[in-house]
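S.K.: Provided herewith is a single structure, encoded as structure tokens, for subsequent inquiry.
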Amino acid sequence: MTTRFLGQPIPRREDPRLVRGEGSFTDDLGRGALEVAFVRSPYAHARVLGIDATDALKVEGVVAIYTYRDLEGRMAEPLPVLIPHPALTHPRTPYALAPGLVSYSGEPVAMVVATDRYVAEDAVDRVVVDYEMLPAVVGLEQASAAEHLVHEDVPGNVAAHLVQEVGDAPGAVAGAPHRLELELSIERSASTPLEGRAVHASWDQADRTMRVHSSTQTSTSVRAAIAAKLELAEAQVEVIAPDVGGGFGVKIMHPWPEELLLPWASRRLRRPLKWTEDRREHFISSAHERGQLHRVRVGFDATGRILGLDVEFLHDNGAYTPYGIIVPIITATQLLGPYKVPAYRVAFTSLYTNTVIVTPYRGAGRPQGCFVMERTMDRIAQWLGLDRAEVRAVNFIRPDEMPYDQGLIFQDGRPLVYDSGDYPACLERLLDMVGWREFRSVQEEERAKGRRLGIGVSCYVEGTGVGPYEGGHVRVESSGRVLVATGLTTQGQGHETVLAQVAADALGVPIEAVEVTTGDTRRFGYSVGTFASRAAVMSGNAVAAAAKAVRDKAIRVAADALEADPEDLEVVDGTVRVRGVPSRSIALGTVAILSNPLRYAFDAEAQLATQFAGPADHATPPLREGDEPGLEAKAYYSPLRCTFAAGMHAAIVETDPDTAEVRVLRYCVVHDCGPLINPRIVEGQIQGGVAQGVGGALYERMVYDDAGQLLNASFMDFLMPYATEVPSVTIAHLETPSPLNPLGIKGAGEAGVIPVSAVLASAIEDAEGFPIDRMPLSPSELHELRRSRGASG
């Protein structure tokens with residue numbers, strides 16, 4: 001069958017409904033449900049000596065107030081460590097409600113249930129909590145000094161320490177002709193999706209089932225957590241992710257306390273309950289990311305080739321480690337990017353602080369690693385007086401060296417082996433796009449006019465399609481509709497469109513006939529989730545396999561009805577037909593009826609449609625041995641290891657001599673995620689990622705004071721770029737198929753954000769003439785850097 005839909009820029013099928021305001025989000029559900037608000041600690045570190053809810057219970061409309069003492073069974077236990085690791089020697093996780101000690105400002109202490117949210121908020125203000133304040137540990141310097149401890153039983157505030165080595169990096173650095181040492185850092189930021197977290201829970205006492213709607217990236221994992229904590233069978237729990245207004249990683253963490261507490265209280269009260277996170281709650285009680293401090297020692301030769309790289313870094317994991325140490329592991333391993341480093345040592349220490357927990361945020365540790373490696377490349381070039389692009393090129397892994405084993409263990413516990421890529425070709429194309437070779441003359445001309453322009457380049461590799469599995473289910477209805485279901489949730493990635501393209505191509509039907517459902521455990525019960533640029537690789541291949549199985553069965557069934565050799569049949573536009581004899585055909589919907597003998601017996605249309613094929617006495621065909629009734633199939637895809645997408649960004653910036661404002665004049669991207677299912681959607685992902693990257697490079701940061709109070713916990717104070725600050729992006733694609741999956745594809749969801757801080761630092765440094773060692777960089781900080789170096793505007 002000829003491919004008709006893969007690779008086509010088909011418009012996103014979900015957009016018209018959402019643009020018309022016809023989306024259905026969690027907060028749209030449950031009119032009339034009881035509503036929940038939380039008493040959250042105002043202190044970053046304190047003992048809870050007592051809670052008095054007497055006055056709060058007097059508020060009209062308050063139904064119940066719960067504290068830790070009301071929890072029983074497994075609900076009273078700490079939340080699980082989702083991804084354990086041997087190096088995580090001191091894991092600590094929160095409780096659904098704090099039992100007696102709070103470790104960050106915003107930690108939930110009590111839960112108020114009332115007739116509406118306004119009443120619940122009024123009652124929250126009347127709950128009296130007696131706290132004994134303790135010293136707060138804020139920032140990596142305080143955490144590593146360990147003058148005070150976040151958890152009394154965790155020495156030195158160290159959650160984990162991990163070292164990975166390939167060769168003798170310290171020896172290689174010491175013996176190299178040239179050596180440099182750098183200290184680099186990236187501050188905290190956060191996902192801040194338009195829709196915060198939200199939960200609606202309803203217990204059905206009659207059939208003892210729990211139905212939960214949650215704004216989540218992992219509906220099946222939420223189901224498993226609720227079943228475990230409430231001691232229910234998983235079959236008793238249904239979790240549905242309706243339309244979700246963005247996630248970017250913050251909605252992965254499962255379970256959130258609220259996702260357990262609302263079902264627990266719904267069963268207890270036998271009433272539906274609802275909670276929608278407000279913006280301040282999101283800032284102070286969801287999750288952050290990014291904060292790391294790196295110390296780098298690198299040795300290299302006269303051509304810029306790296307001989308040894310020794311990196312140590314500190315990672316701020318916040319108050320708890322429910323998601324393990326995935327983020328620093330990704331930083332440590334993805335730091336190498338597209339380069340060959342014969343001797344590499346990386347050691348990280350993950351530290352507790354009295355701040356909001358850290359879990360993956362779009363890029364998930366890669367922006368930090370990319371920043372470190374690309375800043376190192378620029379310093380090598382500067383030290384040697386070489387072109388920055390030439391230094392990168394001399395260190396590239398070559399296409400004929402693929403697959404390339406970096407000798408490390410990646411986030412999935414498997415070897416870090418790059419499957420495919422052509423990094424030299426990627427760089428050449430990027431340099432041509434941005435005008436790299438012509439830029440110096442332009443820069444000099446503009447400087448003579450008083451303008452400061454700079455150019456930067458940055459390269460990265462991204463592990464995508466992490467396992468362990470995803471599944472897909474495809475069913476053909478008697479109407480000819482094709483229903484596709486996967487356990488993955490969707491938060492704007494375009495899964496309805498992309499998976500419809502995959503299914504339509506594999507099955508041989510018009511794309512208009514395909515309907516896609518995601519994130520509903522009633523339709524598909526087993527899944528891992530939407531994160532780590534894995535959806536297209538994992539569910540795409542699973543749906544393709546399920547659709548192919550349906551197609552194969554349709555041909556077998558139709559061959560009997562048409563009295564034809566299966567080898568002579570094809571499926572085109574939803575019809576099974578004899579090649580070269582299109583009049584001898586049967587619609588897929590009719591084949592679906594033939595696949596179910598009971599349905600066939602009651603469907604005159606199907607009987608009439610197959611009368612020509614043979615005697616009428618076989619009107620009710622037998623079920624083929626080994627087949628199940630219906631024209632449907634389920635398939636799972638489980639990869640050997642990750643696929644590795646790659647890309648390179650280049651930017652031209654202007655820094656204002658007076659205000660130190662940074663303007664991005666030109667931004668170019670060359671990206672390789674293998675064959676593109678839908679170029680339009682991939683480009684949208686890249687554009688969105690660049691926008692978030694610009695925010696992280698120039699605007700966004702989480703500002704804590706010494707007491708652990710987040711000082712900018714609102715959109716009035718948390719600076720984000722507007723559309724006027726986000727550059728238009730010129731995008732080109734390189735397609736090197738992955739040999740690891742049937743579709744040859746790689747992930748694309750995080751590509752745009754990974755190298756942005758690195759490329760903008762490179763360009764600003766080129767414009768200003770002094771080192772840029774930390775991100776984000778505000779105009780006031782740039783001005784201060786100028787002043788400290790005697791380079792005022």
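As shown in the structure tokens, the chain order sets the letters A, B, ...; within each chain, residues go from 1, and ligands are also counted from 1 in the order they appear.
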Per DSSP on the backbone, filter stretch 408-518 of chain A down to the residues in strand (DSSP E or B) and report them as an MDAnalysis selection string.

M.R.: chainID A and resid 408:409 415:418 452:464 470:476 482:486 514:518

S.K.: With a distance cut-off of 10 Å and only C-alpha atoms, select the neighbouring residues of A:Ala364, excluding the residue or stretch itself and same-chain residues fewer than 6 positions from it, and output the selection as an MDAnalysis selection string.

M.R.: chainID A and resid 248:249 289:290 326:331 531:532 750 753:754

S.K.: Since we have the selection now, will you write its residues out, keeping N, CA and C atoms, as a PDB file, in the first residue's frame?

M.R.:
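In the end it all went to selection.pdb:
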ATOM      1  N   PHE A 248       3.940  19.999  30.090  1.00  0.00           N
ATOM      2  CA  PHE A 248       5.376  20.289  30.035  1.00  0.00           C
ATOM      3  C   PHE A 248       6.169  19.582  31.119  1.00  0.00           C
ATOM      4  N   GLY A 249       5.599  18.538  31.716  1.00  0.00           N
ATOM      5  CA  GLY A 249       6.321  17.759  32.717  1.00  0.00           C
ATOM      6  C   GLY A 249       5.740  17.842  34.104  1.00  0.00           C
ATOM      7  N   GLU A 289      12.062  23.025  38.250  1.00  0.00           N
ATOM      8  CA  GLU A 289      13.207  22.307  37.661  1.00  0.00           C
ATOM      9  C   GLU A 289      14.350  23.264  37.381  1.00  0.00           C
ATOM     10  N   ARG A 290      15.408  22.713  36.789  1.00  0.00           N
ATOM     11  CA  ARG A 290      16.568  23.397  36.218  1.00  0.00           C
ATOM     12  C   ARG A 290      17.750  23.647  37.172  1.00  0.00           C
ATOM     13  N   ILE A 326      16.065  11.193  38.129  1.00  0.00           N
ATOM     14  CA  ILE A 326      16.052  11.157  36.675  1.00  0.00           C
ATOM     15  C   ILE A 326      16.676  12.416  36.074  1.00  0.00           C
ATOM     16  N   VAL A 327      16.325  13.591  36.613  1.00  0.00           N
ATOM     17  CA  VAL A 327      16.807  14.839  36.016  1.00  0.00           C
ATOM     18  C   VAL A 327      18.336  14.922  36.026  1.00  0.00           C
ATOM     19  N   PRO A 328      19.017  14.742  37.158  1.00  0.00           N
ATOM     20  CA  PRO A 328      20.480  14.823  37.102  1.00  0.00           C
ATOM     21  C   PRO A 328      21.127  13.700  36.300  1.00  0.00           C
ATOM     22  N   ILE A 329      20.498  12.518  36.254  1.00  0.00           N
ATOM     23  CA  ILE A 329      21.045  11.450  35.411  1.00  0.00           C
ATOM     24  C   ILE A 329      21.010  11.865  33.940  1.00  0.00           C
ATOM     25  N   ILE A 330      19.906  12.464  33.522  1.00  0.00           N
ATOM     26  CA  ILE A 330      19.819  12.923  32.133  1.00  0.00           C
ATOM     27  C   ILE A 330      20.862  14.005  31.874  1.00  0.00           C
ATOM     28  N   THR A 331      21.003  14.947  32.801  1.00  0.00           N
ATOM     29  CA  THR A 331      22.034  15.975  32.630  1.00  0.00           C
ATOM     30  C   THR A 331      23.401  15.347  32.446  1.00  0.00           C
ATOM     31  N   PHE A 531       5.504  11.898  28.191  1.00  0.00           N
ATOM     32  CA  PHE A 531       6.653  12.667  28.661  1.00  0.00           C
ATOM     33  C   PHE A 531       7.867  12.175  27.890  1.00  0.00           C
ATOM     34  N   ALA A 532       9.003  12.837  28.064  1.00  0.00           N
ATOM     35  CA  ALA A 532      10.277  12.370  27.510  1.00  0.00           C
ATOM     36  C   ALA A 532      10.234  12.177  25.993  1.00  0.00           C
ATOM     37  N   GLU A 750      10.610  17.929  22.936  1.00  0.00           N
ATOM     38  CA  GLU A 750      11.437  18.813  23.766  1.00  0.00           C
ATOM     39  C   GLU A 750      12.568  19.474  22.998  1.00  0.00           C
ATOM     40  N   VAL A 753      13.498  23.452  23.132  1.00  0.00           N
ATOM     41  CA  VAL A 753      13.907  24.160  24.337  1.00  0.00           C
ATOM     42  C   VAL A 753      15.349  23.863  24.747  1.00  0.00           C
ATOM     43  N   ILE A 754      15.888  22.726  24.362  1.00  0.00           N
ATOM     44  CA  ILE A 754      17.138  22.226  24.950  1.00  0.00           C
ATOM     45  C   ILE A 754      18.324  23.177  24.777  1.00  0.00           C
TER      46      ILE A 754
END

S.K.: With a distance cut-off of 8 Å and only C-alpha atoms, select the neighbouring residues of A:Tyr43, excluding the residue or stretch itself and same-chain residues fewer than 4 positions from it, and output the selection as a PyMOL selection string.

M.R.: chain A and resi 102+104-106+133+707-709

S.K.: Would you please work out which residue, of A:Phe5, A:Tyr469, A:Trp203, A:Phe410, is nearest to A:Leu273 when using only C-alpha atoms?

M.R.: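 Closest candidate: A:Trp203.
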
S.K.: Have a look at A:Tyr704, A:Tyr722, A:Tyr667, A:Phe396 and name the one nearest to A:Trp436; count only C-alpha atoms.

M.R.: A:Tyr667

S.K.: Counting only C-alpha atoms, give me one row per residue of stretch 639-719 of chain A with an atom at most 8 Å from an atom of stretch 736-748 of chain A, showing the shortest contact pair and its distance in Å to one decimal, sorted by chain then residue number, as a Markdown table.

M.R.:
| residue | atom | partner | partner_atom | distance |
| --- | --- | --- | --- | --- |
| A:Pro639 | CA | A:Leu740 | CA | 7.2 |
| A:Leu640 | CA | A:Leu740 | CA | 7.3 |
| A:Arg641 | CA | A:Leu740 | CA | 7.8 |
| A:Thr643 | CA | A:Lys746 | CA | 5.8 |
| A:Phe644 | CA | A:Lys746 | CA | 6.6 |
| A:Ala645 | CA | A:Lys746 | CA | 5.7 |
| A:Asp672 | CA | A:Thr736 | CA | 6.7 |
| A:Cys673 | CA | A:Lys746 | CA | 4.6 |
| A:Gly674 | CA | A:Pro737 | CA | 4.4 |
| A:Pro675 | CA | A:Ile745 | CA | 5.5 |
| A:Leu676 | CA | A:Ile745 | CA | 7.2 |
| A:Val682 | CA | A:Ala748 | CA | 6.5 |
| A:Gln685 | CA | A:Ala748 | CA | 7.0 |
| A:Ile686 | CA | A:Ala748 | CA | 7.6 |

S.K.: Can you tell me, as a PyMOL selection string, what residues are no more than 10 Å from stretch 438-445 of chain A when counting only C-alpha atoms, ignoring any on the same chain fewer than 4 positions away?

M.R.: chain A and resi 431-432+434+449-455+652+766-767

S.K.: Applying 12 Å and only C-alpha atoms, which residues near A:Asn317 remain after dropping the ones on its own chain fewer than 2 positions away? List them as a ChimeraX atom specification.

M.R.: /A:88,91-93,138-140,143,150,157-160,188,287-292,314-315,319-328,348-360,365

S.K.: Would you save the residues of that selection, restricted to C-alpha atoms, as a PDB file, in the first residue's frame?

M.R.:
ATOM      1  CA  LEU A  88      19.457   7.440  45.700  1.00  0.00           C
ATOM      2  CA  PRO A  91      14.977   8.955  49.285  1.00  0.00           C
ATOM      3  CA  ARG A  92      12.335  11.033  50.976  1.00  0.00           C
ATOM      4  CA  THR A  93       8.781  11.549  49.814  1.00  0.00           C
ATOM      5  CA  VAL A 138      17.606  27.434  50.547  1.00  0.00           C
ATOM      6  CA  GLY A 139      19.853  27.097  47.521  1.00  0.00           C
ATOM      7  CA  LEU A 140      22.687  24.780  46.624  1.00  0.00           C
ATOM      8  CA  ALA A 143      22.410  22.732  51.132  1.00  0.00           C
ATOM      9  CA  VAL A 150      16.183  19.549  55.622  1.00  0.00           C
ATOM     10  CA  ASN A 157      21.358  16.988  52.885  1.00  0.00           C
ATOM     11  CA  VAL A 158      22.581  14.486  50.294  1.00  0.00           C
ATOM     12  CA  ALA A 159      19.806  12.549  48.602  1.00  0.00           C
ATOM     13  CA  ALA A 160      22.078  10.904  46.048  1.00  0.00           C
ATOM     14  CA  ARG A 188      15.268  27.345  38.796  1.00  0.00           C
ATOM     15  CA  ALA A 287       7.060  21.311  40.904  1.00  0.00           C
ATOM     16  CA  HIS A 288      10.058  23.256  39.587  1.00  0.00           C
ATOM     17  CA  GLU A 289      13.207  22.307  37.661  1.00  0.00           C
ATOM     18  CA  ARG A 290      16.568  23.397  36.218  1.00  0.00           C
ATOM     19  CA  GLY A 291      18.647  24.547  39.274  1.00  0.00           C
ATOM     20  CA  GLN A 292      22.204  23.177  38.921  1.00  0.00           C
ATOM     21  CA  LEU A 314      25.222  19.953  42.347  1.00  0.00           C
ATOM     22  CA  HIS A 315      21.518  19.408  41.692  1.00  0.00           C
ATOM     23  CA  ALA A 319      12.289  19.004  49.663  1.00  0.00           C
ATOM     24  CA  TYR A 320      11.525  15.491  48.391  1.00  0.00           C
ATOM     25  CA  THR A 321      12.516  13.012  45.687  1.00  0.00           C
ATOM     26  CA  PRO A 322       9.282  11.340  44.517  1.00  0.00           C
ATOM     27  CA  TYR A 323      10.581  11.188  40.943  1.00  0.00           C
ATOM     28  CA  GLY A 324      13.988   9.863  41.951  1.00  0.00           C
ATOM     29  CA  ILE A 325      17.090  11.331  40.313  1.00  0.00           C
ATOM     30  CA  ILE A 326      16.052  11.157  36.675  1.00  0.00           C
ATOM     31  CA  VAL A 327      16.807  14.839  36.016  1.00  0.00           C
ATOM     32  CA  PRO A 328      20.480  14.823  37.102  1.00  0.00           C
ATOM     33  CA  PHE A 348      26.721  14.720  40.693  1.00  0.00           C
ATOM     34  CA  THR A 349      25.320  15.268  44.150  1.00  0.00           C
ATOM     35  CA  SER A 350      21.573  15.729  44.475  1.00  0.00           C
ATOM     36  CA  LEU A 351      20.717  17.856  47.495  1.00  0.00           C
ATOM     37  CA  TYR A 352      17.631  18.503  49.595  1.00  0.00           C
ATOM     38  CA  THR A 353      16.470  22.085  50.094  1.00  0.00           C
ATOM     39  CA  ASN A 354      13.386  23.531  51.801  1.00  0.00           C
ATOM     40  CA  THR A 355      11.816  24.424  48.478  1.00  0.00           C
ATOM     41  CA  VAL A 356       9.241  22.996  46.074  1.00  0.00           C
ATOM     42  CA  ILE A 357      10.101  19.557  44.671  1.00  0.00           C
ATOM     43  CA  VAL A 358      11.981  19.231  41.390  1.00  0.00           C
ATOM     44  CA  THR A 359      10.603  16.962  38.675  1.00  0.00           C
ATOM     45  CA  PRO A 360      11.202  16.938  34.907  1.00  0.00           C
ATOM     46  CA  GLY A 365      17.961  18.076  32.596  1.00  0.00           C
TER      47      GLY A 365
END
